[in-house]
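Take a look at the structure below.
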Amino acid sequence: MTNKQNLIVIGNGMVGHKFLESLVESEQAPNFNITVLCEEPRPAYDRVYLSSYFSGKTAEDLSLVSDGFFETNHIQLKLNCSAEHIDRQGKTVTTQQGEILSYDKLVLATGSYPFVPPVPGHERENCLVYRTIEDLEAITAGAKNSKVGVVVGGGLLGLEAANALKDLGLETHVVEFAPRLMAVQVDEAGGALLKSKIQELGVRVHTNKNTQNITDGDTCKHKMEFADGESLETDLILFSAGIRPQDAIARRCDLELGARGGISINNHCQTSDDNIYAIGECALWGGMIYGLVAPGYNMAKVAAQHISNSGAASFEGADMSTKLKLMGVDVASIGDCHARSEGALSYAYTDEVNQVYKKIVVSADKKLLLGAVMIGDAEDYGNLLQMALNNIELPASPEALILPTLDGAAKPMLGPDALPDSAQICSCYDVSKGAICCTVQDGAQTLGDIKAETKAGTGCGGCTALVTQVMNSELAKLGVEVNTDICEHFAYTRQDIYNIVRIEGIKSFSELLSKYGKGHGCEICKPLVGSVLASCWNEYVLDNKHIGLQDTNDIYLGNMQKDGTYSVVPRIPGGEITPDGLLVIGQVAKDFGLYTKITGGQRIDLFGAQLHELPQIWERLVAAGFETGHAYGKSLRTVKSCVGSTWCRFGVDDSMGMSIELENRYKGLRSPHKIKFAVSGCTRECAEAQSKDVGVIATENGWNLYVCGNGGMKPRHTDLLAQGLDKETLIKYIDRFLLFYVKTADRLQRTSVWMDNLEGGLDYLKQVVIEDSLGMAEEFERQMEAVVESYQCEWKTTIESPDKLKRFSHFINADKPDENVQFVKERGQIRPASESERMKKDNLIAIS
Amino acid sequence: MSHFIDVCALDDIHLDTGVCALVNDQQVAIFRPAATEQVFAINNYDPIGKANVLSRGLISEVKGNLTVASPLYKQHFSLDTGSCLEDESIRITTYATKIENNRVLVAL
């Protein structure tokens, strides 16, 4: 038996945690006693998406720790515990609390701290930084009593912080020492354009400003005095002037540091002491501190492999190219964007009308791409990045790569075939072209498949277009023809069918079949067309010309159960029901001997109704004011809700009223699959809106709109589509969202899968819904209005139509029930008898 | 040769749907596909879902064969031969039909 080695990890940030995840994957993991010291009060969370904390994500949502991670892997986690001292001779670490822990291997993942310029007054009240959840809590608290906020530092993080201040409702300024924003990633011309775009969004940008002093203000809490004699008054100051490696503990034990800080490491991430490793933003490799998460993750893997002796990975620097959206502005930077390489040449293109700036930097012989800058339009990023990373020879006129195409001339696109298998397509999850091709060879055929298998495209989403190209090219190579025809009768996609029906005003299946289809239709195309016709024209689904299109449940307006009986679900908007309503449902269930159960969507399901009983049951329910709940339809099911501000001590707004209004607006809308909503009255989120197709959450600033979540087989959390909305805008956006989904989704495709397959993802959806990039918004709203106006309760219509009622009988020629339907009693209610119970005829309940 | 029994009016069956009839204590599913002038009769019992539900299935054309798709688990049964397209070992009883004076007749 080998003795276990003691491994201590100082720091449980994103990189420190990635190290643990990598290490426990190794077969050697059981040979280590692992102790983690974490100075924060909570284990690792996602700092990249920190700003989403302001839009309602909780510390729990941001957590990177999977359930039971530390327990299952026998890792001892010490929270609120910082390391004070390392004794390299004795191989021990002393904690702040005075505990002495001995180590065989030590990993420093201490990260960095925000640099606060030593300006007099920087420690005044409401002078804050932006790095931890505690910092964000302080910012939220500080913003409550503030009107004006200033971010010091116009880099990437600074602009993100400025966006947060703006969203908190402050008049926001950015103060930058350098002559331009994002000085590291962007050149002068790009910086100027970025500045003007950001100013347009209502953030004031002050460049070339050297803060000399912070003192009492006249109109605000503070006054910032600049070297040029000017000044700016503000209530809150947020320092985001760069990061510094957290290397103090390494300095105290004489590990080798860089001249400007950072713990020097080799390609295995070892420091000058072989038993001590450093990873992430505290580490210095080749004179560089890597302030991005991807290189940090890479270091974590390298160190984990080296310590556990389970691989030969080595850290050899990282690409610092980035593409991001800052306050809605696309910004991208690749490689040597300042043309500092010897002999480097640049091409630049400026379009002041559309506010686009692009530049490429090429080698002296014009054969290789060295760097690029893009502001306002970063669509070429994926293409250019691959060219730069893979040393792909440039076309004869490299400028064509960034010039707009005229007269339909094709841009010299880099075909995916030009890329080597090793080319990294998704940098967030380090997925190579080869890995995507393998997934396709194993049967993946859609973007959604690739995302599920490889995670490619699920981080920032910047690579989805390229992922799709690689996938399509591989499919073509394999000779796989992806047939998107809905069935043998229609050589069209569902979206084609929808467009044909709407544009040509087609009103029946037979008309569509005779013009665009062949044969007689099947159980795929009939319900599909039935649903599309209902989405478009909203006619009664049991109308003679539609009745043959309706599937199992729709055709009898009930949910068929295993024994051929039906369940009945009256609509209970928002889950709100009067005591009298409850009594009616209870009495109906009792009179017809039905099994009752409360559903997950806050209503009541009555089981065991036979065909002939359905109209009798509904006659009673309709008379009491109930409507059909469409539980049988691919349509809006429920809008779940909490009681909201009406009753709840914590409620921020009237979620109950909102949910009832939404349910009544969208009830009856037929869609590619069922749709579920929820409305929560505050960010405690008791209605679980973030797991629904459409989720609405009340905040102090208005309603936040979340979309494309679901529970079910593959749960998916929603994405935030828009925030701080008033009621009219909220409803407008939901109208547009729903109709865009109804128009473009595949048959039986939930919004979650639809979103995963939407090229351009959430950003694209925002453009369509919020910015109206398709110019369809008004049309969508008009169509939704038509659906709302033409609503009818299908059960009310049915019980009022004698010829329709004839079908609701088990036999067309006899007034008898199906004798195969038999129930027994269980826990005081009926349930279908099993086959053997039916044979034995024991305990069967007499059926009317 | 068994004799034909009058079951219902042709108009009792909506075009492109089915109904169930009780014929000599047998549950018979009768379909009226839009594709033909004919009606078809098969046993109403779904041997896979184990319930009397086939009359409530969707009429579905599969590669030129008229079938009904079970409303429970969607297997296709040929209206003509009763065979299950998904499982060759399963075949359900079919019955002769005719239409006379707008009445539907079935022979067991």
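Quick note on naming: the chains in the structure tokens go A, B, ... in the order shown, residues restart at 1 in each chain, and ligands are numbered from 1 in order of appearance.
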
Can you work out which residues from chain A touch chain B at a cut-off of 9 Å (counting only C-alpha atoms) and hand them back as an mmCIF file with N, CA, C and O atoms, in the first residue's frame?
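Okay, this is what ended up in result_23.cif:
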```
data_model
loop_
_atom_site.group_PDB
_atom_site.id
_atom_site.type_symbol
_atom_site.label_atom_id
_atom_site.label_comp_id
_atom_site.auth_asym_id
_atom_site.auth_seq_id
_atom_site.Cartn_x
_atom_site.Cartn_y
_atom_site.Cartn_z
ATOM 1 N N GLU A 488 -43.132 11.451 -46.381
ATOM 2 C CA GLU A 488 -43.168 11.084 -47.794
ATOM 3 C C GLU A 488 -44.193 11.889 -48.592
ATOM 4 O O GLU A 488 -44.151 11.898 -49.815
ATOM 5 N N HIS A 489 -45.085 12.567 -47.905
ATOM 6 C CA HIS A 489 -46.135 13.277 -48.632
ATOM 7 C C HIS A 489 -45.817 14.734 -48.938
ATOM 8 O O HIS A 489 -46.427 15.331 -49.818
ATOM 9 N N GLY A 519 -49.920 11.806 -52.552
ATOM 10 C CA GLY A 519 -50.497 10.743 -51.741
ATOM 11 C C GLY A 519 -51.621 11.264 -50.857
ATOM 12 O O GLY A 519 -52.300 12.235 -51.198
ATOM 13 N N HIS A 520 -51.800 10.605 -49.693
ATOM 14 C CA HIS A 520 -52.988 10.876 -48.892
ATOM 15 C C HIS A 520 -52.699 11.360 -47.470
ATOM 16 O O HIS A 520 -53.615 11.523 -46.688
ATOM 17 N N GLY A 521 -51.430 11.507 -47.128
ATOM 18 C CA GLY A 521 -51.131 12.028 -45.800
ATOM 19 C C GLY A 521 -50.962 10.940 -44.762
ATOM 20 O O GLY A 521 -51.410 9.797 -44.954
ATOM 21 N N CYS A 522 -50.297 11.266 -43.674
ATOM 22 C CA CYS A 522 -50.016 10.268 -42.632
ATOM 23 C C CYS A 522 -50.074 10.917 -41.261
ATOM 24 O O CYS A 522 -50.404 12.092 -41.122
ATOM 25 N N GLU A 523 -49.696 10.126 -40.244
ATOM 26 C CA GLU A 523 -49.821 10.635 -38.870
ATOM 27 C C GLU A 523 -48.723 11.664 -38.555
ATOM 28 O O GLU A 523 -48.730 12.230 -37.469
ATOM 29 N N ILE A 524 -47.784 11.885 -39.495
ATOM 30 C CA ILE A 524 -46.795 12.956 -39.286
ATOM 31 C C ILE A 524 -47.343 14.266 -39.866
ATOM 32 O O ILE A 524 -47.427 15.278 -39.180
ATOM 33 N N LYS A 526 -50.348 15.078 -41.183
ATOM 34 C CA LYS A 526 -51.703 15.554 -40.880
ATOM 35 C C LYS A 526 -51.742 16.415 -39.612
ATOM 36 O O LYS A 526 -52.224 17.548 -39.657
ATOM 37 N N ASN A 544 -65.295 19.988 -39.663
ATOM 38 C CA ASN A 544 -65.266 18.798 -40.526
ATOM 39 C C ASN A 544 -64.001 18.664 -41.350
ATOM 40 O O ASN A 544 -63.480 17.577 -41.525
ATOM 41 N N LYS A 545 -63.471 19.813 -41.857
ATOM 42 C CA LYS A 545 -62.303 19.674 -42.727
ATOM 43 C C LYS A 545 -61.009 19.491 -41.938
ATOM 44 O O LYS A 545 -59.977 19.172 -42.512
ATOM 45 N N ILE A 547 -61.013 17.660 -38.820
ATOM 46 C CA ILE A 547 -61.138 16.625 -37.792
ATOM 47 C C ILE A 547 -60.202 15.442 -38.050
ATOM 48 O O ILE A 547 -59.592 14.902 -37.125
ATOM 49 N N GLY A 548 -60.030 15.088 -39.334
ATOM 50 C CA GLY A 548 -59.178 13.938 -39.665
ATOM 51 C C GLY A 548 -57.697 14.204 -39.464
ATOM 52 O O GLY A 548 -56.872 13.305 -39.610
ATOM 53 N N LEU A 549 -57.345 15.456 -39.125
ATOM 54 C CA LEU A 549 -55.930 15.801 -38.944
ATOM 55 C C LEU A 549 -55.497 15.679 -37.499
ATOM 56 O O LEU A 549 -54.319 15.729 -37.198
ATOM 57 N N GLN A 550 -56.473 15.558 -36.604
ATOM 58 C CA GLN A 550 -56.147 15.671 -35.186
ATOM 59 C C GLN A 550 -55.631 14.351 -34.634
ATOM 60 O O GLN A 550 -56.180 13.297 -34.875
ATOM 61 N N ASP A 551 -54.569 14.473 -33.858
ATOM 62 C CA ASP A 551 -53.923 13.300 -33.281
ATOM 63 C C ASP A 551 -54.709 12.809 -32.056
ATOM 64 O O ASP A 551 -55.682 13.422 -31.634
ATOM 65 N N THR A 552 -54.235 11.675 -31.523
ATOM 66 C CA THR A 552 -54.829 11.008 -30.364
ATOM 67 C C THR A 552 -55.614 11.887 -29.382
ATOM 68 O O THR A 552 -56.745 11.578 -29.045
ATOM 69 N N ASN A 553 -54.964 12.962 -28.922
ATOM 70 C CA ASN A 553 -55.584 13.751 -27.858
ATOM 71 C C ASN A 553 -56.513 14.822 -28.395
ATOM 72 O O ASN A 553 -57.595 15.037 -27.862
ATOM 73 N N ILE A 555 -58.244 14.927 -31.066
ATOM 74 C CA ILE A 555 -59.459 14.521 -31.763
ATOM 75 C C ILE A 555 -60.635 14.335 -30.806
ATOM 76 O O ILE A 555 -61.789 14.450 -31.196
ATOM 77 N N TYR A 556 -60.366 14.051 -29.526
ATOM 78 C CA TYR A 556 -61.454 14.017 -28.551
ATOM 79 C C TYR A 556 -61.274 15.061 -27.448
ATOM 80 O O TYR A 556 -61.935 14.996 -26.406
ATOM 81 N N MET A 560 -55.601 10.935 -23.828
ATOM 82 C CA MET A 560 -55.863 9.502 -23.755
ATOM 83 C C MET A 560 -54.880 8.831 -22.808
ATOM 84 O O MET A 560 -53.684 9.048 -22.880
ATOM 85 N N GLN A 561 -55.392 7.993 -21.917
ATOM 86 C CA GLN A 561 -54.555 7.250 -20.990
ATOM 87 C C GLN A 561 -54.375 5.825 -21.497
ATOM 88 O O GLN A 561 -54.965 5.427 -22.502
ATOM 89 N N LYS A 562 -53.588 5.021 -20.767
ATOM 90 C CA LYS A 562 -53.193 3.706 -21.269
ATOM 91 C C LYS A 562 -54.369 2.779 -21.546
ATOM 92 O O LYS A 562 -54.284 1.894 -22.389
ATOM 93 N N ASP A 563 -55.497 2.972 -20.855
ATOM 94 C CA ASP A 563 -56.629 2.070 -21.038
ATOM 95 C C ASP A 563 -57.663 2.623 -22.011
ATOM 96 O O ASP A 563 -58.756 2.069 -22.147
ATOM 97 N N GLY A 564 -57.324 3.751 -22.691
ATOM 98 C CA GLY A 564 -58.271 4.314 -23.646
ATOM 99 C C GLY A 564 -59.242 5.299 -23.024
ATOM 100 O O GLY A 564 -60.046 5.884 -23.733
ATOM 101 N N LYS A 806 -72.102 13.382 -31.377
ATOM 102 C CA LYS A 806 -72.362 12.004 -31.768
ATOM 103 C C LYS A 806 -71.096 11.146 -31.694
ATOM 104 O O LYS A 806 -71.148 9.951 -31.417
ATOM 105 N N ARG A 807 -69.952 11.779 -31.945
ATOM 106 C CA ARG A 807 -68.684 11.039 -31.949
ATOM 107 C C ARG A 807 -68.276 10.619 -30.541
ATOM 108 O O ARG A 807 -67.417 9.751 -30.369
ATOM 109 N N SER A 809 -68.972 8.696 -28.178
ATOM 110 C CA SER A 809 -69.649 7.503 -27.699
ATOM 111 C C SER A 809 -68.731 6.368 -28.107
ATOM 112 O O SER A 809 -68.127 6.423 -29.177
ATOM 113 N N HIS A 810 -68.574 5.384 -27.250
ATOM 114 C CA HIS A 810 -67.630 4.332 -27.614
ATOM 115 C C HIS A 810 -68.093 3.594 -28.867
ATOM 116 O O HIS A 810 -67.300 3.293 -29.748
ATOM 117 N N PHE A 811 -69.415 3.323 -28.930
ATOM 118 C CA PHE A 811 -69.948 2.635 -30.117
ATOM 119 C C PHE A 811 -70.830 3.578 -30.909
ATOM 120 O O PHE A 811 -71.626 4.325 -30.339
ATOM 121 N N ILE A 812 -70.716 3.512 -32.229
ATOM 122 C CA ILE A 812 -71.550 4.357 -33.071
ATOM 123 C C ILE A 812 -72.976 3.793 -33.124
ATOM 124 O O ILE A 812 -73.936 4.517 -33.364
ATOM 125 N N ASN A 813 -73.086 2.501 -32.816
ATOM 126 C CA ASN A 813 -74.385 1.847 -32.998
ATOM 127 C C ASN A 813 -74.931 1.228 -31.706
ATOM 128 O O ASN A 813 -75.839 0.414 -31.743
ATOM 129 N N ALA A 814 -74.332 1.559 -30.571
ATOM 130 C CA ALA A 814 -74.835 0.973 -29.319
ATOM 131 C C ALA A 814 -74.559 1.927 -28.177
ATOM 132 O O ALA A 814 -73.533 2.609 -28.166
ATOM 133 N N ASP A 818 -67.247 0.676 -23.126
ATOM 134 C CA ASP A 818 -66.247 -0.351 -23.461
ATOM 135 C C ASP A 818 -66.047 -1.246 -22.241
ATOM 136 O O ASP A 818 -65.597 -0.783 -21.197
ATOM 137 N N ASN A 820 -63.963 -3.386 -21.643
ATOM 138 C CA ASN A 820 -62.560 -3.637 -21.326
ATOM 139 C C ASN A 820 -62.021 -2.604 -20.318
ATOM 140 O O ASN A 820 -60.984 -2.798 -19.713
ATOM 141 N N VAL A 821 -62.733 -1.485 -20.183
ATOM 142 C CA VAL A 821 -62.304 -0.467 -19.219
ATOM 143 C C VAL A 821 -62.790 -0.881 -17.842
ATOM 144 O O VAL A 821 -63.987 -0.979 -17.598
ATOM 145 N N GLU A 835 -54.113 -6.371 -16.108
ATOM 146 C CA GLU A 835 -54.674 -7.444 -16.919
ATOM 147 C C GLU A 835 -55.155 -8.601 -16.039
ATOM 148 O O GLU A 835 -56.255 -9.128 -16.227
#
```

Handout entry: Spatial neighbours of Leu79 of chain B, max dist 8 Å, only C-alpha atoms, sep filter under 2 positions, as JSON, numbers by chain
Key = {"B": [40, 41, 42, 66, 67, 68, 77, 81, 82, 94]}

Problem - Exercise: segment 12-28 of chain A partners within 7 Å, only C-alpha atoms, chain neighbours under 3 positions left out, as a list in words - result: Asn31, Cys38, Pro43, Ala44, Tyr45, Asp46, Asn73, Ala109, Gly280, Gly296, Tyr297, Ala300, Lys301, Ala304, Ser308 and Ser310 of chain A

Go ahead and save the picked residues with N, CA, C and O atoms, as a PDB file, in the first residue's frame.
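Generated output (again19.pdb):
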```pdb
ATOM      1  N   ASN A  31      -4.586   8.594  -4.640  1.00  0.00           N
ATOM      2  CA  ASN A  31      -3.316   8.611  -3.904  1.00  0.00           C
ATOM      3  C   ASN A  31      -3.033   9.955  -3.241  1.00  0.00           C
ATOM      4  O   ASN A  31      -1.960  10.153  -2.686  1.00  0.00           O
ATOM      5  N   CYS A  38      -9.755  28.326   0.734  1.00  0.00           N
ATOM      6  CA  CYS A  38     -10.473  29.308  -0.071  1.00  0.00           C
ATOM      7  C   CYS A  38     -10.785  30.507   0.808  1.00  0.00           C
ATOM      8  O   CYS A  38     -11.439  30.371   1.830  1.00  0.00           O
ATOM      9  N   PRO A  43     -17.411  28.433  -2.424  1.00  0.00           N
ATOM     10  CA  PRO A  43     -16.489  27.827  -3.383  1.00  0.00           C
ATOM     11  C   PRO A  43     -16.667  28.414  -4.782  1.00  0.00           C
ATOM     12  O   PRO A  43     -17.469  29.328  -4.979  1.00  0.00           O
ATOM     13  N   ALA A  44     -15.932  27.857  -5.721  1.00  0.00           N
ATOM     14  CA  ALA A  44     -15.772  28.450  -7.060  1.00  0.00           C
ATOM     15  C   ALA A  44     -17.070  28.866  -7.721  1.00  0.00           C
ATOM     16  O   ALA A  44     -18.060  28.142  -7.681  1.00  0.00           O
ATOM     17  N   TYR A  45     -17.057  30.029  -8.321  1.00  0.00           N
ATOM     18  CA  TYR A  45     -18.194  30.474  -9.132  1.00  0.00           C
ATOM     19  C   TYR A  45     -17.677  31.146 -10.389  1.00  0.00           C
ATOM     20  O   TYR A  45     -16.494  31.450 -10.522  1.00  0.00           O
ATOM     21  N   ASP A  46     -18.601  31.361 -11.308  1.00  0.00           N
ATOM     22  CA  ASP A  46     -18.244  31.828 -12.648  1.00  0.00           C
ATOM     23  C   ASP A  46     -18.058  33.342 -12.652  1.00  0.00           C
ATOM     24  O   ASP A  46     -19.020  34.097 -12.595  1.00  0.00           O
ATOM     25  N   ASN A  73     -15.393  13.326  -3.746  1.00  0.00           N
ATOM     26  CA  ASN A  73     -13.979  13.152  -4.067  1.00  0.00           C
ATOM     27  C   ASN A  73     -13.076  13.274  -2.842  1.00  0.00           C
ATOM     28  O   ASN A  73     -11.851  13.361  -2.964  1.00  0.00           O
ATOM     29  N   ALA A 109      -3.223  28.849  -6.642  1.00  0.00           N
ATOM     30  CA  ALA A 109      -4.222  29.326  -7.611  1.00  0.00           C
ATOM     31  C   ALA A 109      -4.882  30.541  -6.979  1.00  0.00           C
ATOM     32  O   ALA A 109      -6.088  30.614  -6.826  1.00  0.00           O
ATOM     33  N   GLY A 280      -3.082  30.011 -13.405  1.00  0.00           N
ATOM     34  CA  GLY A 280      -4.068  31.095 -13.535  1.00  0.00           C
ATOM     35  C   GLY A 280      -3.423  32.475 -13.493  1.00  0.00           C
ATOM     36  O   GLY A 280      -2.265  32.651 -13.871  1.00  0.00           O
ATOM     37  N   GLY A 296      -5.952  29.884 -18.344  1.00  0.00           N
ATOM     38  CA  GLY A 296      -5.910  29.431 -16.958  1.00  0.00           C
ATOM     39  C   GLY A 296      -6.368  27.985 -16.847  1.00  0.00           C
ATOM     40  O   GLY A 296      -5.753  27.163 -16.157  1.00  0.00           O
ATOM     41  N   TYR A 297      -7.439  27.658 -17.556  1.00  0.00           N
ATOM     42  CA  TYR A 297      -7.944  26.278 -17.557  1.00  0.00           C
ATOM     43  C   TYR A 297      -6.884  25.338 -18.122  1.00  0.00           C
ATOM     44  O   TYR A 297      -6.687  24.226 -17.636  1.00  0.00           O
ATOM     45  N   ALA A 300      -4.376  24.663 -15.573  1.00  0.00           N
ATOM     46  CA  ALA A 300      -4.927  23.761 -14.555  1.00  0.00           C
ATOM     47  C   ALA A 300      -4.789  22.315 -15.007  1.00  0.00           C
ATOM     48  O   ALA A 300      -4.384  21.438 -14.237  1.00  0.00           O
ATOM     49  N   LYS A 301      -5.095  22.071 -16.281  1.00  0.00           N
ATOM     50  CA  LYS A 301      -4.999  20.691 -16.795  1.00  0.00           C
ATOM     51  C   LYS A 301      -3.552  20.217 -16.805  1.00  0.00           C
ATOM     52  O   LYS A 301      -3.256  19.083 -16.437  1.00  0.00           O
ATOM     53  N   ALA A 304      -2.387  19.497 -13.280  1.00  0.00           N
ATOM     54  CA  ALA A 304      -3.023  18.288 -12.744  1.00  0.00           C
ATOM     55  C   ALA A 304      -2.369  17.038 -13.336  1.00  0.00           C
ATOM     56  O   ALA A 304      -2.093  16.066 -12.620  1.00  0.00           O
ATOM     57  N   SER A 308      -0.152  14.365 -11.054  1.00  0.00           N
ATOM     58  CA  SER A 308      -0.660  12.995 -10.923  1.00  0.00           C
ATOM     59  C   SER A 308       0.055  12.064 -11.889  1.00  0.00           C
ATOM     60  O   SER A 308      -0.297  10.893 -12.005  1.00  0.00           O
ATOM     61  N   SER A 310      -0.071  11.736 -15.005  1.00  0.00           N
ATOM     62  CA  SER A 310      -1.036  11.022 -15.841  1.00  0.00           C
ATOM     63  C   SER A 310      -1.088  11.562 -17.267  1.00  0.00           C
ATOM     64  O   SER A 310      -2.011  11.270 -18.001  1.00  0.00           O
TER      65      SER A 310
END
```

Handout entry: Gap from atom CA of Pro420 of chain A to atom CA of Met387 of chain A - Å, one decimal
Key = 10.9 Å

Practice task
For Leu594 of chain A, work out the shell of residues within 12 Å, counting only C-alpha atoms and skipping chain neighbours fewer than 3 positions away, then give it as a count of residues only.
Solution key: 34

Exercise for the section: May I ask which of the residues A:Gly709, A:Gly90, A:Pro118, A:Gly434 is the closest one to Cys253 of chain A, counting only C-alpha atoms? Expected result: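 Nearest to Cys253 of chain A: A:Gly90.
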
Based on the backbone DSSP call, show me all residues of chain B assigned helix (DSSP H, G or I), as a CSV table (one decimal) with C-alpha atoms, in the first residue's frame.
```
chain,number,residue,atom,x,y,z
B,10,LEU,CA,-72.0,6.5,-44.0
B,11,ASP,CA,-72.4,10.1,-42.8
B,12,ASP,CA,-72.0,9.0,-39.2
B,54,LEU,CA,-57.9,1.6,-32.8
B,55,SER,CA,-61.0,3.4,-34.2
B,56,ARG,CA,-59.7,6.6,-32.7
```

Handout entry: Spatial neighbours of segment 128-130 of chain A, max dist 7 Å, only C-alpha atoms, sep filter under 3 positions, as a ChimeraX atom specification
Key = /A:114,135-136,237-240

Convert the current residue selection to file output with C-alpha atoms, as a PDB file, in the first residue's frame.
```pdb
ATOM      1  CA  PRO A 114      -8.125  44.548  -8.901  1.00  0.00           C
ATOM      2  CA  ASP A 135     -18.131  43.326  -4.476  1.00  0.00           C
ATOM      3  CA  LEU A 136     -21.337  43.108  -6.493  1.00  0.00           C
ATOM      4  CA  ILE A 237     -16.601  55.050  -8.079  1.00  0.00           C
ATOM      5  CA  LEU A 238     -15.742  51.631  -9.427  1.00  0.00           C
ATOM      6  CA  PHE A 239     -12.066  50.899  -9.996  1.00  0.00           C
ATOM      7  CA  SER A 240     -11.388  48.606 -12.908  1.00  0.00           C
TER       8      SER A 240
END
```

Exercise for the section: Tell me, as a list in words, which residues lie within 7 Å of Val356 of chain A, counting only C-alpha atoms; anything in the same chain fewer than 2 positions away does not count. Expected result: Thr350, Asp351, Glu352, Asn354, Lys358, Ile375, Gly376 and Asp377 of chain A

Handout entry: Backbone DSSP call of strand (DSSP E) for segment 587-785 of chain A, listed as a PyMOL selection string
Key = chain A and resi 595-598+604-609+636-641+675-680+694-699+702-707+719-725
